[in-house]
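Enquirer: Sharing a structure, written as structure tokens. Questions coming.
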Amino acid sequence: MLSQFGIMFLFILTAFAFIGGILLFGKLLRPDRPTEEKLTTYESGEEPVGNAGVQFNPRFYVVALVFVLFDVELVLLFPWATVFGQPTLIAETGGLWGWFALTEAVVFVVILALGLAYAWAKGYLDWEKPQPQLPTVATKVPTTLYEQVNERYKRPTTP
Amino acid sequence: MLTLFLILFPIVAATAVLFSTDTIAKTAALIGAIGELVIVGVVFFTFVANDQYQFGFDYAWFGAATNGSSGVRLSGAIDGISLLPVVLTGLVTPLIILSTFKQTYTRPTSFYALILFMQAALMGVFVARDGFLFYFFFEAALIPIYFLAAMWGGENRIAVTFKFFVYTIFGSLLMLVALVYLYRQTPLVSGAHSAAIADFYALNLSAKAQGWVFWAFFIAFAVKMPLFPFHTWQPDTYVESPTPATMLLAGIMLKMGVYGLIRLILPIVPEGVNIWGSTAMILAVIGIVYGAIIAVRQRDMKRLIAYSSFSHVGLMAAGVFSRSEMGLQGALIQMLAHGVNVVGLFFIAELILQRTGTRQLDQLGGITRNTPRLTVYFMIILLGSVALPLTNGFVGEFLLLSGVYGYNHYIGLAAGLTIIFGAVYMLRMYQKSMFGQPAPRTATFVDLAGSDSYVLLILCVFVFWMGLYPASFLKLTEPAVLNLMQFIK
Amino acid sequence: MTFQTYDCLQMLPIILLSLSGIALLFLGFQKSRALLLPATLLFLVIAFVANFLDWGKTYMYFRDMLLVNNLAMIFTGVVLLSTFMVVSLSGSLADDEDAQPAEYYAILLFSLVGAIMMIGFENLIMLFVGVEILSVAMYILTGSDKRNLRSNEAALKYFLMGAFATGILLFGIALLYGATGSFVLSGIGNYAHSATNAGGSMLLFYVGMFMLLIGMLFKVSAAPFHFWTPDVYDGAPSLFTAYMSTVVKTAGFAALLRILSVSFSGVYDFWWVAMAVVTVLTLLIGNITAVYQASFKRMMAYSSISHAGYLLIGLVGLSQASKPAIAFYSLAYSLSTIAAFGVLMLVARNRPLNAAVFGDQTTLARTDEHYDAFNGLARKNPLLGFVMAVSMLSLAGIPLTAGFWGKFMVFSAAADRGAVWLLVVAVLMSAVGIYYYFRVVIAMYFREGQTDTIRVAPFYRIVLIAATVLTLALGLLPNLFQGLI
């Protein structure tokens with residue numbers, strides 16, 4: 001007799017076998033004619049530059065965080081919606097249930113909205129372009145001289 | 001209620017001194033200490049010689065039962081056993097303050113306030129009837145003396161006093177464990193344990209448990225007294241401390257240990273004493289001989305007195321562990337006598353230091369020539385210390401030695417060496433400092449006057465009073481000692 | 001299904017604190033920062049009062065999610081009081097250009113919500129949520145000194161280790177659920193009772209229990225799960241170190257106490273040896289390592305480990321007596337720790353930046369937090385010296401102070417269980433503790449040093465004095481507190 005965990009184990013095994021089988025099946029069936037175009041990362045034509053470990057502007061993370069937050073909000077609101085409309089509950093409480101559930105959801109959304117408003121007011125959502133600042137050096141050499149030197153020894157630009 | 005005043009009065013006085021000005025601090029402290037002495041005097045002269053606790057107070061403090069009884073209590077009272085240490089504390093503190101009248105200490109308000117705080121804590125130790133109250137004051141006494149020694153002490157004071165502090169705290173923490181254990185062993189009365197020392201007496205512990213409790217208590221008290229081999233903090237601390245602090249340490253604080261032996265160890269763990277008492281006794285006797293031998297070799301007066309004190313306290317401990325009435329009586333009277341003597345001796349060492357700038361015996365000599373008063377007072381106190389008949393030391397040491405002798409002849413014999421050695425080192429100190437040709441430093445020695453003289457005079461009065469009529473003290477302690485003997489057997 | 005009309009008074013602290021946290025965030029938009037501190041204090045006072053409104057009653061909220069009874073109210077009171085004191089020592093934040101006081105205060109209040117959940121949880125989910133709310137807030141506050149490399153390092157370290165511990169905690173909860181089929185403490189407790197009697201394998205239960213305990217022990221920095229503590233406490237701004245070492249610890253121990261006494265008391269014989277070993281290790285490591293620290297703040301970090309050890313003694317001797325014991329100990333410990341950090345912050349701020357010692361740019365802003373900084377402090381600043389001395393005495397457990405009764409109570413709880421050997425270890429370690437606590441006292445009173453009179457803001461002074469007076473009052477009259485329980 002299998003225990004509950006035994007069933008889980010069989011389930012996992014089956015899952016692996018199924019995935020492996022499907023992949024193998026596809027490999028056998030499909031035509032295989034690779035070209036350089038097909039093997040690029042983005043088939044849209046965007047050229048990948050450098051390696052994947054580049055630094056992102058931290059603002060991306062702020063936006064991502066806010067996004068995740070509201071994503072999670074939706075995750076809660078869907079099940080809430082199903083409970084909100086349950087006729088039996090409404091009938092049992094004489095309609096009070098609807099108000100109660102609505103208030104709860106409103107409180108929840110308002111708190112999140114307050115958070116968004118806070119982030120907005122603080123300016124975390126503004127996308128500021130970084131202004132490159134040239135270092136100023138106290139020297140008697142005129143800057144044009146440096147530019148000439150730079151111009152002379154400029155590396156040939158890659159096409 | 002009088003007992004409560006004994007504790008509270010010095011605290012009030014100390015607070016007043018703390019907030020007074022530098023100029024009047026000294027006088028204010030003396031007035032406070034004399035006020036306390038008056039209370040002690042009332043206690044002493046109205047004390048009824050029986051085995052009852054008198055002048056007591058009793059309040060719920062912590063963990064009390066539903067009906068307000070038992071638990072840890074703020075309770076204190078005086079019986080025959082605590083009477084003499086209380087008298088000692090009340091008597092010696094004003095003398096210590098008076099002895100500083102010709103000197104100036106920096107920040108005098110703190111200095112004298114700490115002395116008075118110390119007095120309050122010592123009083124608390126001697127009158128506490130509750131195990132934790134005892135512990136409370138036992139520790140609390142340490143803090144003022146630590147600050148006294150570390151703030152006004154000599155060159156090496158920080159390291160030395162710190163060693164002293166950690167050493168003694170370590171000992172008393174062991175006692176805390178034992179007390180917690182005992183507290184939890186007492187039967188529940190309306191939902192609460194009792195921490196009263198009297199209830200600890202009634203406990204019926206197994207022999208093994210008694211052994212552990214014995215050592216926990218013994219180490220705490222042995223460090224405090226100190227007994228061999230827990231004495232290594234003592235000489236340095238005595239030497240480095242300012243003399244008033246040394247007097248407090250040797251004169252009174254040391255007696256906390258002896259008092260603890262009598263009050264706690266003997267009656268609470270009689271079986272433990274039965275098993276380990278002889279070990280403790282041997283340690284005490286080793287201390288007697290060892291301290292005396294080292295004292296003979298000392299050149300520094302203060303260090304010599306420190307070692308003599310170490311030797312004497314060993315005899316007190318041995319007398320307590322003889323578990324005889326004579327030994328206990330002797331220990332009690334000797335606590336008082338030794339307190340008087342050692343305070344006098346340290347004071348004389350300090351006087352000599354002030355006048356000559358040194359305490360080294362080989363740089364002194366010939367002081368007797370122009371100092372009739374000092375010569376006489378010094379001699380009297382010294383004879384008290386070497387236990388000459390008709391002085392206070394004799395009564396105590398005689399009783400102690402007979403107690404120890406009754407316990408075991410050989411140990412009694414070894415302990416008896418204390419008298420011989422005592423005579424040797426004390427007389428040597430006297431001879432080297434007072435007699436002989438005047439050294440360059442002692443040629444212009446000025447005799448005592450004023451407050452210094454009064455201090456020694458009062459001490460001398462006590463040397464003779466106790467030596468000539470010891471019964472005035474012994475008859476007060478006897479009923480309590482006899483009562484205690486019941487728990488020991 | 002019917003509605004229950006909750007008598008929601010007891011939930012007030014949680015709700016109030018959440019709302020006031022949000023309010024504080026928006027208060028931060030004001031130009032002047034002067035209003036923030038009084039507002040936060042006001043909110044805390046309101047929460048404190050609300051906490052005790054229903055004194056003497058016991059409530060269970062949200063279908064066995066949160067329990068509120070007297071003990072929980074006391075722990076909540078301790079936590080709120082500690083926060084009040086920490087916040088009132090934060091006056092200098094308003095002058096700091098880089099600081100964001102509004103956010104700090106808001107985060108503090110939010111974290112308190114987590115702490116209160118940890119104190120009153122009846123359901124393991126609530127424990128987890130509480131732990132997370134508290135921890136995440138702490139990760140942020142640890143790194144709040146953004147320009148300081150050590151603060152950043154501390155935050156990262158704390159976050160990584162803390163996340164790991166949370167994982168273990170969660171896994172433990174999952175296993176317990178697997179074994180018992182319940183998240184509710186009493187349900188787990190019933191299972192433990194019945195299963196031990198029935199015999200049979202309880203492997204899953206035990207593994208879950210130990211993982212849960214390990215997760216919690218990490219949060220209260222008990223050895224051998226203490227490695228994050230010194231760096232984090234040292235790196236975090238002193239203000240938040242004070243908060244961390246008091247509130248987080250109190251809440252953590254309240255949670256441990258709850259779960260051990262309700263769920264695991266039936267299998268006491270199984271876990272007490274492990275807990276005793278942890279206790280001894282914690283005491284040894286905390287105390288002995290503290291001796292070797294040159295920095296006062298780092299010493300306080302190790303001292304907080306050692307106090308976790310003393311509190312654990314109260315847990316090992318689990319009984320009715322350990323509840324008031326741990327509450328009292330937490331209070332005594334919090335009072336003196338906050339006072340000590342209060343003095344440290346003043347002293348450190350008053351010292352010249354020791355750029356010469358560290359040299360490089362990132363540590364330039366590091367103020368001097370070594371023992372030497374206290375040299376001669378008591379001469380010119382008797383009040384600060386006294387406050388610090390009393391705190392140290394209390395932490396060392398010397399009579400006359402609250403710390404003594406704290407030790408006394410946890411010790412007697414353990415003595416009840418017959419673990420006298422544990423007391424001997426604890427007592428030996430207390431003696432070691434005296435060594436390092438007194439180094440400060442020695443520095444302040446007996447050593448020479450050039451300190452000028454330090455200016456103390458009036459309110460700051462009042463809080464320091466209040467902490468000291470309370471420590472002494474509880475030392476003299478422990479009944480003041482004991483009567484409450």
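Residue numbering restarts at 1 in every chain; chains get A, B, ... in the order shown in the structure tokens, and ligands count up from 1 in that same order.
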Can you pull out every residue within 12 Å of Val296 in chain B, counting only C-alpha atoms, but drop anything in the same chain fewer than 4 positions away, and send it as a list in words?

Expert: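 The residues that qualify are Val289, Tyr290, Gly291, Ala292, Asp300, Met301, Arg303, Leu304, Ile305, Ala306, Tyr307, Ser308, Ser311, Leu361, Thr418, Ile420, Phe421, Gly422, Ala423, Val424, Tyr425, Met426, Leu427, Arg428 and Met429 of chain B.
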
Enquirer: Take the selection from the previous step and output its residues with N, CA and C atoms, as a tab-separated table (two decimals), in the first residue's frame.

Expert:
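Produced file part04.tsv, reproduced below:
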```
chain	number	residue	atom	x	y	z
B	289	VAL	N	48.84	30.02	60.23
B	289	VAL	CA	50.29	29.87	60.30
B	289	VAL	C	50.96	30.61	59.14
B	290	TYR	N	50.37	30.42	57.97
B	290	TYR	CA	50.93	31.02	56.76
B	290	TYR	C	50.95	32.54	56.86
B	291	GLY	N	49.81	33.09	57.26
B	291	GLY	CA	49.73	34.54	57.38
B	291	GLY	C	50.72	35.06	58.40
B	292	ALA	N	50.84	34.35	59.51
B	292	ALA	CA	51.74	34.80	60.56
B	292	ALA	C	53.19	34.77	60.09
B	300	ASP	N	56.78	46.63	55.16
B	300	ASP	CA	55.77	47.68	55.07
B	300	ASP	C	54.77	47.47	56.20
B	301	MET	N	54.53	48.51	57.00
B	301	MET	CA	53.65	48.36	58.16
B	301	MET	C	52.25	47.93	57.75
B	303	ARG	N	51.22	46.41	55.12
B	303	ARG	CA	51.18	45.04	54.62
B	303	ARG	C	51.30	44.05	55.79
B	304	LEU	N	52.13	44.41	56.75
B	304	LEU	CA	52.29	43.55	57.93
B	304	LEU	C	50.95	43.40	58.65
B	305	ILE	N	50.27	44.53	58.84
B	305	ILE	CA	48.99	44.46	59.54
B	305	ILE	C	47.99	43.67	58.72
B	306	ALA	N	48.06	43.82	57.38
B	306	ALA	CA	47.16	43.07	56.52
B	306	ALA	C	47.34	41.57	56.74
B	307	TYR	N	48.59	41.13	56.76
B	307	TYR	CA	48.81	39.70	56.95
B	307	TYR	C	48.43	39.26	58.36
B	308	SER	N	48.65	40.13	59.34
B	308	SER	CA	48.25	39.76	60.70
B	308	SER	C	46.74	39.58	60.76
B	311	SER	N	45.84	36.34	59.37
B	311	SER	CA	46.11	35.27	60.34
B	311	SER	C	45.03	35.21	61.41
B	361	LEU	N	59.60	49.74	57.63
B	361	LEU	CA	60.10	49.64	59.01
B	361	LEU	C	61.57	50.02	59.10
B	418	THR	N	49.38	31.12	66.62
B	418	THR	CA	49.04	32.50	66.27
B	418	THR	C	49.44	33.47	67.36
B	420	ILE	N	51.91	33.11	69.54
B	420	ILE	CA	53.36	33.28	69.59
B	420	ILE	C	53.83	34.14	68.43
B	421	PHE	N	53.38	33.74	67.22
B	421	PHE	CA	53.79	34.51	66.05
B	421	PHE	C	53.32	35.95	66.15
B	422	GLY	N	52.08	36.09	66.64
B	422	GLY	CA	51.52	37.43	66.76
B	422	GLY	C	52.41	38.31	67.60
B	423	ALA	N	52.85	37.78	68.72
B	423	ALA	CA	53.74	38.54	69.58
B	423	ALA	C	55.02	38.88	68.83
B	424	VAL	N	55.52	37.92	68.05
B	424	VAL	CA	56.79	38.16	67.36
B	424	VAL	C	56.65	39.32	66.37
B	425	TYR	N	55.67	39.21	65.45
B	425	TYR	CA	55.66	40.25	64.41
B	425	TYR	C	55.18	41.59	64.93
B	426	MET	N	54.27	41.56	65.89
B	426	MET	CA	53.77	42.83	66.39
B	426	MET	C	54.86	43.57	67.17
B	427	LEU	N	55.51	42.84	68.03
B	427	LEU	CA	56.54	43.50	68.83
B	427	LEU	C	57.70	43.94	67.95
B	428	ARG	N	57.96	43.14	66.92
B	428	ARG	CA	59.03	43.53	66.00
B	428	ARG	C	58.66	44.84	65.30
B	429	MET	N	57.40	44.93	64.92
B	429	MET	CA	56.97	46.17	64.27
B	429	MET	C	57.12	47.34	65.22
```

Enquirer: Write out as an NGL selection string the residues lying within 10 Å of Leu239 in chain C, counting only C-alpha atoms and excluding same-chain residues fewer than 4 positions away.

Expert: :C and (86-87 or 89-90 or 93 or 141-142 or 243-244 or 338 or 341-342 or 344-345)

Enquirer: Near chain C, meaning an atom within 8 Å, which residues of chain B appear when counting only C-alpha atoms? Write them as a list in words.

Expert: Trp61, Phe62, Gly63, Phe136, Phe137, Glu139, Ala140, Ala150, Met151, Ile158, Val166, Ile169, Phe170, Leu173, Leu174, Val177, Val180, Tyr181 and Arg184 of chain B

Enquirer: Could you check how far CA of Tyr112 in chain B sits from CA of Ile145 in chain B, in Å to one decimal?

Expert: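 For CA of Tyr112 in chain B relative to CA of Ile145 in chain B, the distance reads 11.3 Å.
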
Enquirer: Running DSSP on the backbone, which parts of range 106-329 of chain C land in strand (DSSP E or B), as a compact mmCIF listing (two decimals) with C-alpha atoms, in the first residue's frame?

Expert:
```txt
# COMPACT_ATOMS: atom_id res chain seq x y z
CA PHE C 121 0.37 34.56 18.18
CA ASN C 123 -1.26 30.31 15.00
CA VAL C 184 -2.66 26.22 16.02
CA SER C 295 34.86 48.54 21.33
```

Enquirer: Residues at most 12 Å from Ser151 in chain C, counting only C-alpha atoms, excluding those fewer than 4 positions away in the same chain, as a list in words?

Expert: Tyr139, Ile140, Leu141, Thr142, Gly143, Ser144, Asp145, Lys146, Arg147, Ala155, Leu156, Lys157, Tyr158, Asp231, Val232, Tyr233, Asp234, Gly235, Ala236, Pro237, Ser238, Phe240, Thr241, Thr362, Thr363, Ala365 and Arg366 of chain C

Enquirer: Create the file for the chosen residues now, containing N, CA and C atoms and written as a PDB file, in the first residue's frame.

Expert:
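What ended up in selection.pdb:
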```pdb
ATOM      1  N   TYR C 139      16.199  44.785   8.751  1.00  0.00           N
ATOM      2  CA  TYR C 139      17.208  44.804   7.675  1.00  0.00           C
ATOM      3  C   TYR C 139      17.372  46.222   7.150  1.00  0.00           C
ATOM      4  N   ILE C 140      16.247  46.888   6.994  1.00  0.00           N
ATOM      5  CA  ILE C 140      16.308  48.242   6.428  1.00  0.00           C
ATOM      6  C   ILE C 140      16.998  49.190   7.400  1.00  0.00           C
ATOM      7  N   LEU C 141      16.564  49.128   8.667  1.00  0.00           N
ATOM      8  CA  LEU C 141      17.118  50.083   9.627  1.00  0.00           C
ATOM      9  C   LEU C 141      18.603  49.846   9.838  1.00  0.00           C
ATOM     10  N   THR C 142      19.023  48.584   9.766  1.00  0.00           N
ATOM     11  CA  THR C 142      20.451  48.308   9.929  1.00  0.00           C
ATOM     12  C   THR C 142      21.251  49.033   8.861  1.00  0.00           C
ATOM     13  N   GLY C 143      20.713  49.065   7.649  1.00  0.00           N
ATOM     14  CA  GLY C 143      21.459  49.705   6.571  1.00  0.00           C
ATOM     15  C   GLY C 143      21.133  51.162   6.396  1.00  0.00           C
ATOM     16  N   SER C 144      20.479  51.767   7.396  1.00  0.00           N
ATOM     17  CA  SER C 144      19.975  53.113   7.164  1.00  0.00           C
ATOM     18  C   SER C 144      21.081  54.153   7.095  1.00  0.00           C
ATOM     19  N   ASP C 145      22.249  53.832   7.611  1.00  0.00           N
ATOM     20  CA  ASP C 145      23.361  54.768   7.479  1.00  0.00           C
ATOM     21  C   ASP C 145      24.006  54.518   6.116  1.00  0.00           C
ATOM     22  N   LYS C 146      23.395  55.053   5.059  1.00  0.00           N
ATOM     23  CA  LYS C 146      23.684  54.588   3.708  1.00  0.00           C
ATOM     24  C   LYS C 146      25.120  54.843   3.286  1.00  0.00           C
ATOM     25  N   ARG C 147      25.709  55.921   3.784  1.00  0.00           N
ATOM     26  CA  ARG C 147      27.050  56.260   3.307  1.00  0.00           C
ATOM     27  C   ARG C 147      28.114  55.433   4.017  1.00  0.00           C
ATOM     28  N   ALA C 155      23.841  45.340   7.040  1.00  0.00           N
ATOM     29  CA  ALA C 155      22.496  45.101   6.533  1.00  0.00           C
ATOM     30  C   ALA C 155      22.478  43.881   5.628  1.00  0.00           C
ATOM     31  N   LEU C 156      23.482  43.803   4.759  1.00  0.00           N
ATOM     32  CA  LEU C 156      23.501  42.678   3.823  1.00  0.00           C
ATOM     33  C   LEU C 156      23.660  41.363   4.587  1.00  0.00           C
ATOM     34  N   LYS C 157      24.581  41.377   5.539  1.00  0.00           N
ATOM     35  CA  LYS C 157      24.834  40.180   6.329  1.00  0.00           C
ATOM     36  C   LYS C 157      23.566  39.745   7.057  1.00  0.00           C
ATOM     37  N   TYR C 158      22.943  40.714   7.674  1.00  0.00           N
ATOM     38  CA  TYR C 158      21.745  40.434   8.457  1.00  0.00           C
ATOM     39  C   TYR C 158      20.673  39.878   7.546  1.00  0.00           C
ATOM     40  N   ASP C 231      28.638  41.764  14.151  1.00  0.00           N
ATOM     41  CA  ASP C 231      28.823  42.658  13.010  1.00  0.00           C
ATOM     42  C   ASP C 231      27.602  43.525  12.783  1.00  0.00           C
ATOM     43  N   VAL C 232      26.435  42.917  12.934  1.00  0.00           N
ATOM     44  CA  VAL C 232      25.215  43.681  12.676  1.00  0.00           C
ATOM     45  C   VAL C 232      25.023  44.753  13.739  1.00  0.00           C
ATOM     46  N   TYR C 233      25.198  44.377  14.984  1.00  0.00           N
ATOM     47  CA  TYR C 233      25.006  45.351  16.061  1.00  0.00           C
ATOM     48  C   TYR C 233      26.039  46.455  15.966  1.00  0.00           C
ATOM     49  N   ASP C 234      27.239  46.063  15.571  1.00  0.00           N
ATOM     50  CA  ASP C 234      28.309  47.039  15.494  1.00  0.00           C
ATOM     51  C   ASP C 234      28.099  47.970  14.306  1.00  0.00           C
ATOM     52  N   GLY C 235      27.662  47.403  13.192  1.00  0.00           N
ATOM     53  CA  GLY C 235      27.541  48.196  11.984  1.00  0.00           C
ATOM     54  C   GLY C 235      26.328  49.100  11.981  1.00  0.00           C
ATOM     55  N   ALA C 236      25.247  48.663  12.580  1.00  0.00           N
ATOM     56  CA  ALA C 236      24.023  49.451  12.557  1.00  0.00           C
ATOM     57  C   ALA C 236      24.220  50.730  13.353  1.00  0.00           C
ATOM     58  N   PRO C 237      23.489  51.786  13.008  1.00  0.00           N
ATOM     59  CA  PRO C 237      23.548  53.009  13.815  1.00  0.00           C
ATOM     60  C   PRO C 237      23.130  52.682  15.254  1.00  0.00           C
ATOM     61  N   SER C 238      23.790  53.314  16.226  1.00  0.00           N
ATOM     62  CA  SER C 238      23.581  52.933  17.626  1.00  0.00           C
ATOM     63  C   SER C 238      22.117  52.949  18.024  1.00  0.00           C
ATOM     64  N   PHE C 240      19.509  52.200  16.334  1.00  0.00           N
ATOM     65  CA  PHE C 240      18.782  51.010  15.922  1.00  0.00           C
ATOM     66  C   PHE C 240      19.375  49.759  16.551  1.00  0.00           C
ATOM     67  N   THR C 241      20.652  49.826  16.899  1.00  0.00           N
ATOM     68  CA  THR C 241      21.197  48.710  17.662  1.00  0.00           C
ATOM     69  C   THR C 241      20.458  48.592  18.989  1.00  0.00           C
ATOM     70  N   THR C 362      35.322  55.902   3.523  1.00  0.00           N
ATOM     71  CA  THR C 362      34.044  55.287   3.862  1.00  0.00           C
ATOM     72  C   THR C 362      33.840  55.180   5.363  1.00  0.00           C
ATOM     73  N   THR C 363      34.915  55.043   6.088  1.00  0.00           N
ATOM     74  CA  THR C 363      34.738  54.902   7.521  1.00  0.00           C
ATOM     75  C   THR C 363      34.963  56.214   8.246  1.00  0.00           C
ATOM     76  N   ALA C 365      33.125  58.662   8.724  1.00  0.00           N
ATOM     77  CA  ALA C 365      32.010  59.104   9.553  1.00  0.00           C
ATOM     78  C   ALA C 365      31.836  58.253  10.804  1.00  0.00           C
ATOM     79  N   ARG C 366      32.712  57.307  10.987  1.00  0.00           N
ATOM     80  CA  ARG C 366      32.581  56.406  12.128  1.00  0.00           C
ATOM     81  C   ARG C 366      32.968  57.145  13.394  1.00  0.00           C
TER      82      ARG C 366
END
```

Enquirer: Give the residues of chain A that lie within 8 Å of chain C; count only C-alpha atoms, and format the answer as a ChimeraX atom specification.

Expert: /A:89,92-93,118

Enquirer: Export C-alpha atoms of the chosen residues as a PDB file, in the first residue's frame?

Expert:
```pdb
ATOM      1  CA  LEU A  89     -23.445  34.606   2.729  1.00  0.00           C
ATOM      2  CA  GLU A  92     -27.502  34.871   5.868  1.00  0.00           C
ATOM      3  CA  THR A  93     -26.330  38.287   6.967  1.00  0.00           C
ATOM      4  CA  TYR A 118       3.878  58.123  -1.211  1.00  0.00           C
TER       5      TYR A 118
END
```

Enquirer: Using only C-alpha atoms, which protein or nucleic acid residues come within 12 Å of range 371-374 of chain B? Drop anything in the same chain fewer than 6 positions from it, and give the result as a ChimeraX atom specification.

Expert: /B:344-345,347-349,351-352,355,380-382,430,433-435,442-450,452-457,460

Enquirer: Show which residues sit within 9 Å of Ile285 in chain C, as a list in words. Count only C-alpha atoms, and ignore same-chain residues fewer than 6 positions away.

Expert: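 Here the answer would be Ala223, Pro224, Tyr302, Ile305 and Ser306 of chain C.
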
Enquirer: Excluding Phe117 in chain B and any residue of its chain fewer than 5 positions from it, enumerate the residues within 10 Å of it, using only C-alpha atoms, and give them as a ChimeraX atom specification.

Expert: /B:7-15,112,122-123,140-141,143-145
